[in-house]
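Data file: my_file_24.txt. Format and content: compact mmCIF, C-alpha atoms.
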```txt
# COMPACT_ATOMS: atom_id res chain seq x y z
CA MET J 1 104.08 102.10 73.03
CA THR J 2 104.61 105.61 71.64
CA GLY J 3 100.84 106.18 71.76
CA THR J 4 100.68 105.70 75.53
CA ALA J 5 103.90 107.67 75.98
CA ALA J 6 102.34 110.68 74.26
CA LYS J 7 99.22 110.56 76.44
CA GLY J 8 101.08 109.54 79.60
CA PRO J 9 102.69 112.79 80.78
CA ARG J 10 99.40 114.71 80.69
CA LEU J 11 97.69 112.18 82.98
CA GLU J 12 100.76 112.14 85.22
CA SER J 13 100.88 115.92 85.66
CA LEU J 14 97.13 115.93 86.31
CA LEU J 15 97.57 113.29 89.05
CA ALA J 16 100.61 115.15 90.45
CA GLY J 17 98.58 118.36 90.78
CA LEU J 18 95.58 116.55 92.28
CA LEU J 19 97.66 114.79 94.95
CA ARG J 20 99.79 117.84 95.80
CA TYR J 21 96.95 120.36 96.17
CA GLY J 22 94.64 117.75 97.70
CA THR J 23 97.19 117.03 100.43
CA TRP J 24 97.62 120.77 101.12
CA LEU J 25 93.83 121.27 101.31
CA ALA J 26 93.27 118.28 103.63
CA SER J 27 96.20 119.37 105.82
CA ALA J 28 94.93 122.95 105.98
CA VAL J 29 91.46 121.78 107.09
CA THR J 30 92.95 119.37 109.67
CA GLY J 31 95.32 122.08 110.94
CA ALA J 32 92.50 124.63 111.20
CA GLY J 33 90.43 122.17 113.26
CA LEU J 34 93.35 121.42 115.58
CA ALA J 35 94.08 125.15 115.99
CA MET J 36 90.41 125.73 116.86
CA SER J 37 90.63 123.01 119.54
CA LEU J 38 93.81 124.57 120.97
CA ALA J 39 92.05 127.95 121.06
CA GLY J 40 89.20 126.41 123.02
CA VAL J 41 86.68 126.33 120.15
CA GLU J 42 85.04 122.99 119.28
CA GLY J 43 87.01 121.80 116.24
CA THR J 44 86.57 118.00 116.29
CA ASP J 45 84.23 117.97 113.28
CA VAL J 46 86.62 120.12 111.26
CA VAL J 47 89.51 117.75 112.06
CA ALA J 48 87.28 114.80 111.06
CA ALA J 49 86.50 116.54 107.74
CA GLY J 50 90.22 117.01 107.08
CA VAL J 51 90.97 113.35 107.84
CA ALA J 52 88.05 112.26 105.61
CA LEU J 53 89.38 114.44 102.76
CA LEU J 54 92.78 112.82 103.10
CA ILE J 55 91.29 109.29 102.95
CA ALA J 56 89.17 110.28 99.93
CA LEU J 57 92.14 111.69 98.00
CA PRO J 58 93.62 108.38 96.70
CA VAL J 59 90.10 107.20 95.79
CA LEU J 60 89.60 110.39 93.77
CA ARG J 61 92.95 109.67 92.12
CA VAL J 62 91.65 106.25 90.94
CA LEU J 63 88.47 107.95 89.68
CA VAL J 64 90.54 110.43 87.61
CA MET J 65 92.57 107.53 86.19
CA LEU J 66 89.33 105.74 85.26
CA GLY J 67 88.20 108.85 83.38
CA ALA J 68 91.52 109.12 81.57
CA PHE J 69 91.41 105.46 80.50
CA ILE J 70 87.84 105.92 79.19
CA LEU J 71 88.96 108.96 77.15
CA ASN J 72 91.90 106.95 75.77
CA ARG J 73 89.54 104.05 74.92
CA ASP J 74 91.85 101.81 76.92
CA TYR J 75 89.07 99.43 77.90
CA ARG J 76 91.16 96.78 79.66
CA LEU J 77 92.45 99.38 82.10
CA VAL J 78 88.94 100.88 82.41
CA ILE J 79 87.86 97.49 83.80
CA VAL J 80 90.93 97.30 86.06
CA ALA J 81 90.31 100.79 87.51
CA ALA J 82 86.58 100.00 87.97
CA VAL J 83 87.47 96.81 89.87
CA VAL J 84 89.77 98.77 92.22
CA LEU J 85 86.95 101.26 92.89
CA MET J 86 84.48 98.43 93.57
CA ILE J 87 86.88 96.80 96.05
CA ILE J 88 87.24 100.14 97.90
CA LEU J 89 83.45 100.54 97.84
CA ALA J 90 83.04 97.02 99.28
CA GLY J 91 85.37 98.05 102.13
CA LEU J 92 83.24 101.13 102.82
CA VAL J 93 80.07 99.00 102.89
CA ILE J 94 81.72 96.57 105.33
CA GLY J 95 82.78 99.54 107.48
CA LEU J 96 79.24 100.93 107.55
CA SER J 97 77.42 97.67 108.25
CA SER J 98 77.00 97.16 111.97
CA SER J 99 76.99 93.36 111.95
CA ASN J 100 80.66 92.99 111.13
CA PRO J 101 83.40 91.92 113.54
CA LEU J 102 85.84 94.78 112.80
CA THR J 103 86.76 95.93 116.29
CA HIS J 104 84.82 95.09 119.39
CA MET O 1 90.32 117.05 122.95
CA ASP O 2 93.45 116.54 125.11
CA HIS O 3 95.90 119.29 124.08
CA GLY O 4 98.97 117.65 125.62
CA LEU O 5 98.33 114.35 123.82
CA GLY O 6 97.56 116.17 120.56
CA LEU O 7 100.83 118.13 120.63
CA TRP O 8 102.80 115.01 121.59
CA LEU O 9 101.24 113.05 118.70
CA PHE O 10 102.01 115.90 116.30
CA ALA O 11 105.65 116.11 117.43
CA VAL O 12 106.22 112.34 117.35
CA SER O 13 104.68 111.97 113.87
CA LEU O 14 106.71 114.90 112.61
CA GLY O 15 109.91 113.30 113.89
CA ALA O 16 109.06 109.83 112.54
CA SER O 17 108.08 111.18 109.10
CA ALA O 18 111.16 113.37 108.88
CA LEU O 19 113.32 110.33 109.64
CA GLY O 20 111.36 108.20 107.15
CA GLY O 21 111.43 110.96 104.54
CA MET O 22 115.23 111.12 104.74
CA LEU O 23 115.34 107.54 103.48
CA GLY O 24 112.37 107.87 101.15
CA MET O 25 109.98 105.66 103.09
CA ALA O 26 106.70 106.27 104.87
CA SER O 27 106.60 106.56 108.64
CA GLY O 28 103.78 104.06 109.28
CA ILE O 29 106.24 101.49 110.55
CA PHE O 30 107.15 103.81 113.48
CA ILE O 31 103.74 105.27 114.28
CA VAL O 32 102.00 102.15 115.63
CA PRO O 33 104.87 100.98 117.92
CA ILE O 34 105.45 104.50 119.29
CA LEU O 35 101.74 105.17 119.87
CA THR O 36 101.05 101.84 121.57
CA GLU O 37 104.30 101.52 123.55
CA PHE O 38 104.85 105.14 124.64
CA GLY O 39 101.50 106.83 124.17
CA HIS O 40 99.35 104.03 125.66
CA VAL O 41 97.04 104.38 122.66
CA ASP O 42 94.82 101.37 121.88
CA VAL O 43 96.40 99.28 119.10
CA ARG O 44 93.43 99.63 116.74
CA THR O 45 93.24 103.39 117.23
CA ALA O 46 96.97 103.48 116.48
CA ILE O 47 96.46 101.42 113.29
CA GLY O 48 93.70 103.78 112.08
CA ALA O 49 95.82 106.88 112.72
CA SER O 50 98.86 105.28 111.12
CA LEU O 51 96.94 104.42 107.93
CA VAL O 52 95.90 108.07 107.63
CA SER O 53 99.54 109.11 108.02
CA VAL O 54 100.56 106.58 105.34
CA ILE O 55 98.05 108.19 102.94
CA ALA O 56 99.40 111.65 103.82
CA CYS O 57 103.01 110.60 103.12
CA SER O 58 102.11 108.82 99.87
CA CYS O 59 100.00 111.65 98.44
CA GLY O 60 102.24 114.43 99.74
CA SER O 61 105.37 113.04 98.11
CA ALA O 62 103.91 111.66 94.85
CA SER O 63 104.11 114.80 92.74
CA PRO O 64 107.88 114.95 91.94
CA PHE O 65 107.96 111.21 91.16
CA LEU O 66 105.00 111.57 88.76
CA LYS O 67 106.43 114.62 87.03
CA GLY O 68 109.82 112.91 86.75
CA GLY O 69 108.23 110.05 84.80
CA LEU O 70 109.29 107.46 87.40
CA VAL O 71 105.81 106.16 88.30
CA ASN O 72 104.35 103.46 86.05
CA VAL O 73 100.68 104.43 86.53
CA ARG O 74 99.36 101.62 84.32
CA LEU O 75 101.24 98.98 86.29
CA ALA O 76 100.20 100.70 89.55
CA ILE O 77 96.46 100.40 88.85
CA VAL O 78 96.81 96.71 87.90
CA LEU O 79 98.77 95.92 91.08
CA GLU O 80 96.26 97.92 93.13
CA VAL O 81 93.62 95.28 92.33
CA ALA O 82 95.78 92.91 94.39
CA THR O 83 96.76 95.37 97.17
CA THR O 84 93.19 96.58 97.76
CA SER O 85 91.89 92.97 97.75
CA GLY O 86 94.50 92.19 100.40
CA ALA O 87 93.44 95.27 102.37
CA LEU O 88 89.79 94.17 102.22
CA THR O 89 90.78 90.74 103.58
CA GLY O 90 92.69 92.49 106.37
CA VAL O 91 89.66 94.60 107.28
CA LEU O 92 87.58 91.41 107.61
CA LEU O 93 90.27 89.66 109.68
CA ILE O 94 91.21 92.43 112.11
CA GLY O 95 88.39 91.70 114.56
CA VAL O 96 89.24 88.00 114.52
CA ILE O 97 93.00 88.12 115.12
CA PRO O 98 94.02 88.53 118.79
CA THR O 99 96.01 91.70 119.60
CA ALA O 100 99.02 89.69 120.83
CA TYR O 101 99.37 88.14 117.35
CA LEU O 102 99.31 91.62 115.78
CA PHE O 103 102.22 92.62 118.04
CA PHE O 104 104.23 89.54 117.05
CA TRP O 105 103.65 90.12 113.33
CA PHE O 106 104.66 93.69 113.80
CA ALA O 107 107.90 92.66 115.49
CA VAL O 108 108.68 90.35 112.54
CA ILE O 109 107.95 93.09 109.97
CA LEU O 110 110.15 95.55 111.90
CA ALA O 111 113.02 93.05 111.97
CA LEU O 112 112.57 92.35 108.24
CA SER O 113 112.67 96.09 107.53
CA ALA O 114 115.89 96.44 109.53
CA GLN O 115 117.44 93.59 107.55
CA GLN O 116 116.29 95.15 104.26
CA MET O 117 117.83 98.47 105.27
CA LEU O 118 121.19 96.78 105.81
CA THR O 119 121.28 94.85 102.54
CA ARG O 120 121.70 97.34 99.77
CA ARG O 121 119.18 97.05 96.94
CA GLY O 122 120.91 96.27 93.68
CA GLU O 123 119.76 97.09 90.18
CA ALA O 124 117.52 94.37 88.74
CA ALA O 125 119.10 92.14 86.08
CA ALA O 126 118.90 93.01 82.37
CA THR O 127 115.26 93.98 82.03
CA SER O 128 114.73 93.83 78.28
CA ALA O 129 115.57 90.10 78.15
CA GLY O 130 112.12 88.88 79.27
CA THR O 131 109.58 87.14 77.11
CA GLY O 132 106.76 89.62 77.48
CA GLY O 133 103.80 87.67 78.85
CA TRP O 134 101.10 89.35 80.95
CA GLY O 135 102.97 92.61 81.44
CA THR O 136 103.40 93.15 77.70
CA ALA O 137 99.88 91.94 76.88
CA LEU O 138 98.37 94.61 79.15
CA GLY O 139 100.71 97.31 77.82
CA LEU O 140 102.47 97.78 81.16
CA ASP O 141 106.05 97.92 79.91
CA GLY O 142 107.48 101.40 80.08
CA SER O 143 110.51 103.61 80.09
CA TYR O 144 111.98 106.12 82.52
CA PRO O 145 114.49 108.95 82.18
CA ASP O 146 117.96 108.14 83.56
CA ARG O 147 120.93 110.49 83.09
CA GLY O 148 119.38 112.22 80.12
CA ARG O 149 118.22 109.18 78.16
CA ASP O 150 115.12 106.97 78.26
CA VAL O 151 115.68 103.46 79.57
CA GLU O 152 113.06 100.89 78.53
CA TYR O 153 112.04 98.04 80.81
CA ARG O 154 109.65 95.09 80.79
CA VAL O 155 107.30 93.97 83.54
CA GLN O 156 107.97 90.32 84.29
CA ARG O 157 106.24 87.56 86.27
CA LEU O 158 103.10 89.62 86.86
CA PRO O 159 101.09 86.79 88.55
CA LEU O 160 103.82 86.28 91.20
CA GLY O 161 104.01 90.04 91.66
CA MET O 162 100.22 90.20 92.15
CA LEU O 163 100.36 87.44 94.78
CA LEU O 164 103.04 89.28 96.77
CA MET O 165 101.05 92.53 96.44
CA TYR O 166 97.98 90.81 97.89
CA GLY O 167 100.08 89.88 100.92
CA ALA O 168 101.38 93.45 101.16
CA GLY O 169 97.81 94.82 101.15
CA LEU O 170 96.76 92.35 103.84
CA ILE O 171 99.67 93.29 106.13
CA SER O 172 99.04 96.98 105.45
CA ALA O 173 95.42 96.80 106.66
CA LEU O 174 96.22 94.60 109.68
CA LEU O 175 99.21 96.58 110.96
CA GLY O 176 98.50 100.08 109.65
CA ILE O 177 101.69 100.34 107.61
CA GLY O 178 102.50 101.13 103.98
CA SER O 179 104.20 97.71 103.82
CA GLY O 180 106.91 98.86 101.45
CA VAL O 181 108.87 96.08 103.15
CA LEU O 182 106.85 93.59 101.07
CA LYS O 183 106.12 95.74 98.01
CA ILE O 184 109.74 96.54 97.28
CA PRO O 185 110.95 92.90 97.11
CA ALA O 186 107.87 92.09 95.00
CA MET O 187 108.81 94.78 92.50
CA ASP O 188 112.57 94.20 92.55
CA THR O 189 112.56 90.41 92.54
CA ALA O 190 109.30 89.30 90.90
CA LEU O 191 108.57 92.08 88.40
CA ARG O 192 112.27 92.98 87.92
CA LEU O 193 111.67 96.70 87.70
CA PRO O 194 114.47 99.27 87.78
CA ILE O 195 115.04 100.47 91.36
CA LYS O 196 113.87 104.07 90.74
CA VAL O 197 110.65 102.88 89.09
CA SER O 198 109.85 100.38 91.85
CA SER O 199 110.42 102.93 94.64
CA ALA O 200 108.29 105.61 92.94
CA THR O 201 105.50 103.21 91.91
CA SER O 202 105.36 101.59 95.37
CA ASN O 203 105.07 105.03 96.99
CA PHE O 204 102.26 105.92 94.57
CA MET O 205 100.34 102.70 95.36
CA ILE O 206 100.49 102.71 99.16
CA GLY O 207 98.02 105.63 99.33
CA VAL O 208 95.22 103.69 97.62
CA THR O 209 96.02 100.51 99.57
CA ALA O 210 95.81 102.40 102.86
CA ALA O 211 92.67 104.28 101.76
CA ALA O 212 90.85 100.97 101.13
CA SER O 213 91.25 99.93 104.78
CA ALA O 214 91.26 103.43 106.32
CA GLY O 215 87.93 104.19 104.61
CA ALA O 216 86.36 101.09 106.16
CA TYR O 217 87.82 101.82 109.62
CA PHE O 218 86.75 105.48 109.36
CA LEU O 219 83.12 104.68 108.54
CA HIS O 220 83.09 102.07 111.29
CA GLY O 221 84.21 104.74 113.76
CA ASP O 222 87.66 103.28 114.43
CA VAL O 223 89.59 106.30 113.20
CA VAL O 224 89.76 108.44 116.33
CA THR O 225 90.00 112.02 115.08
CA ALA O 226 91.76 113.33 118.19
CA VAL O 227 94.61 110.90 117.44
CA ALA O 228 94.51 110.67 113.62
CA GLY O 229 94.34 114.47 113.06
CA PRO O 230 97.61 115.45 114.81
CA VAL O 231 99.34 112.32 113.44
CA ALA O 232 98.31 113.13 109.83
CA LEU O 233 99.36 116.77 110.08
CA GLY O 234 102.66 115.92 111.76
CA SER O 235 103.37 113.35 109.02
CA VAL O 236 102.80 115.83 106.19
CA VAL O 237 105.05 118.47 107.79
CA GLY O 238 107.66 115.85 108.73
CA SER O 239 107.87 114.29 105.28
CA VAL O 240 108.36 117.75 103.69
CA LEU O 241 111.15 118.54 106.19
CA GLY O 242 112.69 115.08 105.80
CA ALA O 243 113.00 115.47 102.03
CA ARG O 244 114.78 118.82 102.56
CA VAL O 245 117.17 117.47 105.20
CA LEU O 246 117.93 114.49 102.96
CA MET O 247 120.36 116.62 100.99
CA ALA O 248 122.24 117.82 104.08
CA VAL O 249 123.05 114.69 106.11
CA SER O 250 125.08 111.54 105.52
CA ASN O 251 122.83 108.80 104.22
CA GLU O 252 124.88 106.08 105.96
CA ARG O 253 124.41 107.59 109.40
CA VAL O 254 120.64 107.92 108.90
CA ARG O 255 120.50 104.33 107.69
CA LEU O 256 122.30 103.09 110.82
CA LEU O 257 120.07 105.13 113.13
CA PHE O 258 117.05 103.74 111.28
CA VAL O 259 118.18 100.13 111.78
CA VAL O 260 118.81 100.69 115.50
CA VAL O 261 115.36 102.25 115.97
CA LEU O 262 113.66 99.45 114.00
CA LEU O 263 115.37 96.73 116.06
CA ALA O 264 114.59 98.45 119.37
CA LEU O 265 110.92 98.75 118.41
CA ALA O 266 110.89 95.10 117.21
CA VAL O 267 112.13 93.90 120.62
CA GLN O 268 109.63 96.13 122.44
CA MET O 269 106.70 94.94 120.28
CA ALA O 270 107.66 91.27 120.76
CA LEU O 271 107.82 91.77 124.54
CA SER O 272 104.42 93.49 124.46
CA GLY O 273 103.09 90.45 122.65
CA PHE O 274 104.12 88.42 125.71
CA GLY O 275 102.52 91.05 127.96
CA ILE O 276 105.82 92.49 129.18
CA ASN O 277 106.24 96.26 128.98
CA LEU O 278 109.66 97.84 129.58
CA ALA O 279 109.33 101.32 128.14
CA GLY O 280 105.81 102.38 128.95
CA VAL O 281 105.68 101.60 132.69
CA SER O 282 105.87 105.18 133.90
CA LYS O 283 102.61 106.96 133.35
```
Here is the file; what I need is its structure written in the form of C-alpha cells.
Amino acid sequence: MTGTAAKGPRLESLLAGLLRYGTWLASAVTGAGLAMSLAGVEGTDVVAAGVALLIALPVLRVLVMLGAFILNRDYRLVIVAAVVLMIILAGLVIGLSSSNPLTH
Amino acid sequence: MDHGLGLWLFAVSLGASALGGMLGMASGIFIVPILTEFGHVDVRTAIGASLVSVIACSCGSASPFLKGGLVNVRLAIVLEVATTSGALTGVLLIGVIPTAYLFFWFAVILALSAQQMLTRRGEAAATSAGTGGWGTALGLDGSYPDRGRDVEYRVQRLPLGMLLMYGAGLISALLGIGSGVLKIPAMDTALRLPIKVSSATSNFMIGVTAAASAGAYFLHGDVVTAVAGPVALGSVVGSVLGARVLMAVSNERVRLLFVVVLLALAVQMALSGFGINLAGVSK
C-alpha cells in the first residue's frame, strides 16, 4: 500500500502535465487551422491534424501508464494496460478496413 | 469550409461546455441533440464531433484532479478494459442500428441524466467494511485527501462495476457521449467509492473510452473536420470558462437550468425518433 503511494504521485503529475499540455497543443493546432480557413487560406488539413492529436492524447496517456507499470514491475497492471491498448488498436483496424458496416 | 457554420458550432460548443463545466460534467450530452436538431448535422457526423469534444473536456480538466490525488489511476486502467470493450462493440453496432433507435436511446439517456441531476448524490456507505476481493487482490484500494487528512477506501464488487462500465462504453460509442450518467452510478453503487474519487476517476476514464471509438470513426472518415474542429475548440474554451464561473454563480440555479435543458432536448429527440421536428423547421 505505502509502496504504491510513494510511486503514485510522480506518475500522477506526469499524466497531469501530459494531458494539460497535450490539450493546449492540440487546441492550438486546431485553432490555427480554423483561423487559416477564416482568413481564406486552406486549413482543413491543419484542423484534421489538431483533431487527430486530440484523439491520440488519451492513447498516449495509456502508453505512459504502461511504461510506468513496467518500471514498477507491476506486471498484472502491465497486462491490463496492454489489453486496453490492444482493444484501441482493434478499433483502429476496424475503422481502417473498408469491409465493415460502420456508416453507410 | 463554411465560416458561418464553423462559428455557430464554436459558439454552441463553448456555451454547452461552459454550462457542463459549471456542474463538473462533459458537454457531450448536449452536443449531439443541438447539432442534429438545430444545426441539421447528420447524426453520425454529430456523434463523431461530440466524441472529440468529450476527449477535449476529459483531458483538459484532468490535471487538477490528478494533482489533488483524487483519481485512482490503477482502478481507472482496470475499468478501461471494460469501457473500451464496450466502445468497440458500439463501433461494430453503429452501422446496424437504425437512426431512429439512436434518437430514442438518446432521449432515454437525457431523461435519466435529468433525474440524476435532481436526486442528490450521497456519500457511499462505510467503505472500509468490505471484504476485499478482486479490488484488494489487484491492489486497487486507495486513499484520498479530505480536509487535511487521508481517507482510505476499498474497491468493492469489481465484477458488477466492470459489467456496468461495459454498458457505459457501449452507450458512449453509439451516442457520442461521455456517459457519466452510467459511470457514476456504477462507481457510487457497485464499487462504493467516495463521491470525489468517483467523479474524478470517471472524468479521467471518459477520454480513453471516447478515444477508442473516435479513433475508429476518424480512420473510417466519419469525423468531419469542418464540424469536429470548431466543436473541439469551443469545448476546450468553454470548459475552462465554466470552471471559472463555477465559483461565481449559485449551484442550485445552474442545476435547475440544466434539468430544464435536458428534458427539453429529451422531448425533442424522442419526437425526432418519430420523424416529427418542432424546433428545426425553419432553415
How close does each residue of chain O get to chain J, giving the shortest atom pair and distance in Å to one decimal for every residue with an atom at most 7 Å away, counting all atoms listed in the file, sorted by chain and residue number, as CSV?
```
residue,atom,partner,partner_atom,distance
O:Met1,CA,J:Ser37,CA,6.9
O:His3,CA,J:Leu38,CA,6.5
O:Val52,CA,J:Ile55,CA,6.7
O:Ile55,CA,J:Ile55,CA,6.8
O:Ala56,CA,J:Thr23,CA,6.7
O:Cys59,CA,J:Leu19,CA,5.2
O:Gly60,CA,J:Thr23,CA,5.7
O:Ala62,CA,J:Ala16,CA,6.5
O:Ser63,CA,J:Ala16,CA,4.2
O:Leu66,CA,J:Glu12,CA,5.6
O:Lys67,CA,J:Ser13,CA,5.9
O:Ile77,CA,J:Ala81,CA,6.3
O:Val78,CA,J:Val80,CA,6.2
O:Glu80,CA,J:Val84,CA,6.6
O:Val81,CA,J:Val84,CA,5.2
O:Thr84,CA,J:Ile87,CA,6.5
O:Ser85,CA,J:Ile87,CA,6.5
O:Leu88,CA,J:Gly91,CA,5.9
O:Val91,CA,J:Leu102,CA,6.7
O:Leu92,CA,J:Leu102,CA,6.4
O:Ile94,CA,J:Leu102,CA,5.9
O:Gly95,CA,J:Leu102,CA,4.4
O:Gly207,CA,J:Pro58,CA,5.8
O:Val208,CA,J:Pro58,CA,5.0
O:Ala211,CA,J:Ile55,CA,5.3
O:Ala212,CA,J:Ile88,CA,4.9
O:Ser213,CA,J:Gly91,CA,6.7
O:Ala214,CA,J:Ile55,CA,6.8
O:Gly215,CA,J:Leu92,CA,5.9
O:Ala216,CA,J:Gly95,CA,4.1
O:Tyr217,CA,J:Gly95,CA,5.9
O:Leu219,CA,J:Gly95,CA,5.3
O:His220,CA,J:Gly95,CA,4.6
O:Thr225,CA,J:Ala48,CA,5.6
O:Gly229,CA,J:Val47,CA,5.9
O:Leu233,CA,J:Ser27,CA,5.9
```
Requested write-out: C-alpha atoms of the selected residues, as a PDB file, in the coordinates of the input:
```pdb
ATOM      1  CA  MET O   1      90.320 117.050 122.950  1.00  0.00           C
ATOM      2  CA  HIS O   3      95.900 119.290 124.080  1.00  0.00           C
ATOM      3  CA  VAL O  52      95.900 108.070 107.630  1.00  0.00           C
ATOM      4  CA  ILE O  55      98.050 108.190 102.940  1.00  0.00           C
ATOM      5  CA  ALA O  56      99.400 111.650 103.820  1.00  0.00           C
ATOM      6  CA  CYS O  59     100.000 111.650  98.440  1.00  0.00           C
ATOM      7  CA  GLY O  60     102.240 114.430  99.740  1.00  0.00           C
ATOM      8  CA  ALA O  62     103.910 111.660  94.850  1.00  0.00           C
ATOM      9  CA  SER O  63     104.110 114.800  92.740  1.00  0.00           C
ATOM     10  CA  LEU O  66     105.000 111.570  88.760  1.00  0.00           C
ATOM     11  CA  LYS O  67     106.430 114.620  87.030  1.00  0.00           C
ATOM     12  CA  ILE O  77      96.460 100.400  88.850  1.00  0.00           C
ATOM     13  CA  VAL O  78      96.810  96.710  87.900  1.00  0.00           C
ATOM     14  CA  GLU O  80      96.260  97.920  93.130  1.00  0.00           C
ATOM     15  CA  VAL O  81      93.620  95.280  92.330  1.00  0.00           C
ATOM     16  CA  THR O  84      93.190  96.580  97.760  1.00  0.00           C
ATOM     17  CA  SER O  85      91.890  92.970  97.750  1.00  0.00           C
ATOM     18  CA  LEU O  88      89.790  94.170 102.220  1.00  0.00           C
ATOM     19  CA  VAL O  91      89.660  94.600 107.280  1.00  0.00           C
ATOM     20  CA  LEU O  92      87.580  91.410 107.610  1.00  0.00           C
ATOM     21  CA  ILE O  94      91.210  92.430 112.110  1.00  0.00           C
ATOM     22  CA  GLY O  95      88.390  91.700 114.560  1.00  0.00           C
ATOM     23  CA  GLY O 207      98.020 105.630  99.330  1.00  0.00           C
ATOM     24  CA  VAL O 208      95.220 103.690  97.620  1.00  0.00           C
ATOM     25  CA  ALA O 211      92.670 104.280 101.760  1.00  0.00           C
ATOM     26  CA  ALA O 212      90.850 100.970 101.130  1.00  0.00           C
ATOM     27  CA  SER O 213      91.250  99.930 104.780  1.00  0.00           C
ATOM     28  CA  ALA O 214      91.260 103.430 106.320  1.00  0.00           C
ATOM     29  CA  GLY O 215      87.930 104.190 104.610  1.00  0.00           C
ATOM     30  CA  ALA O 216      86.360 101.090 106.160  1.00  0.00           C
ATOM     31  CA  TYR O 217      87.820 101.820 109.620  1.00  0.00           C
ATOM     32  CA  LEU O 219      83.120 104.680 108.540  1.00  0.00           C
ATOM     33  CA  HIS O 220      83.090 102.070 111.290  1.00  0.00           C
ATOM     34  CA  THR O 225      90.000 112.020 115.080  1.00  0.00           C
ATOM     35  CA  GLY O 229      94.340 114.470 113.060  1.00  0.00           C
ATOM     36  CA  LEU O 233      99.360 116.770 110.080  1.00  0.00           C
TER      37      LEU O 233
END
```
CA of Gly86 in chain O to CA of Leu160 in chain O, straight-line distance in Å
14.4 Å
Interatomic distance between CA of Thr45 in chain O and CA of Leu262 in chain O?
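Those two atoms sit 21.0 Å apart.
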Could you jot down the CA of Ala228 in chain O to CA of Ala35 in chain J separation for me, Å, one decimal place?
14.7 Å
Once 3 Å is added on each side, what are the centre and the three edge lengths, in Å to one decimal, of the axis-aligned box enclosing the listed atoms of range 201-220 of chain O? Present them as JSON.
```
{"center_x": 94.3, "center_y": 102.9, "center_z": 101.6, "size_x": 28.4, "size_y": 12.0, "size_z": 25.4}
```
Residue with smallest distance to Val267 in chain O - pool O:Ala114, O:Leu170, O:Ala87, O:Leu5, counting all atoms listed in the file
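Of all the options, O:Ala114 lies closest to Val267 in chain O.
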Have a look at O:Leu7, O:Leu257, O:Met162, O:Leu14 and name the one nearest to Gly39 in chain O; count all atoms listed in the file.
O:Leu7
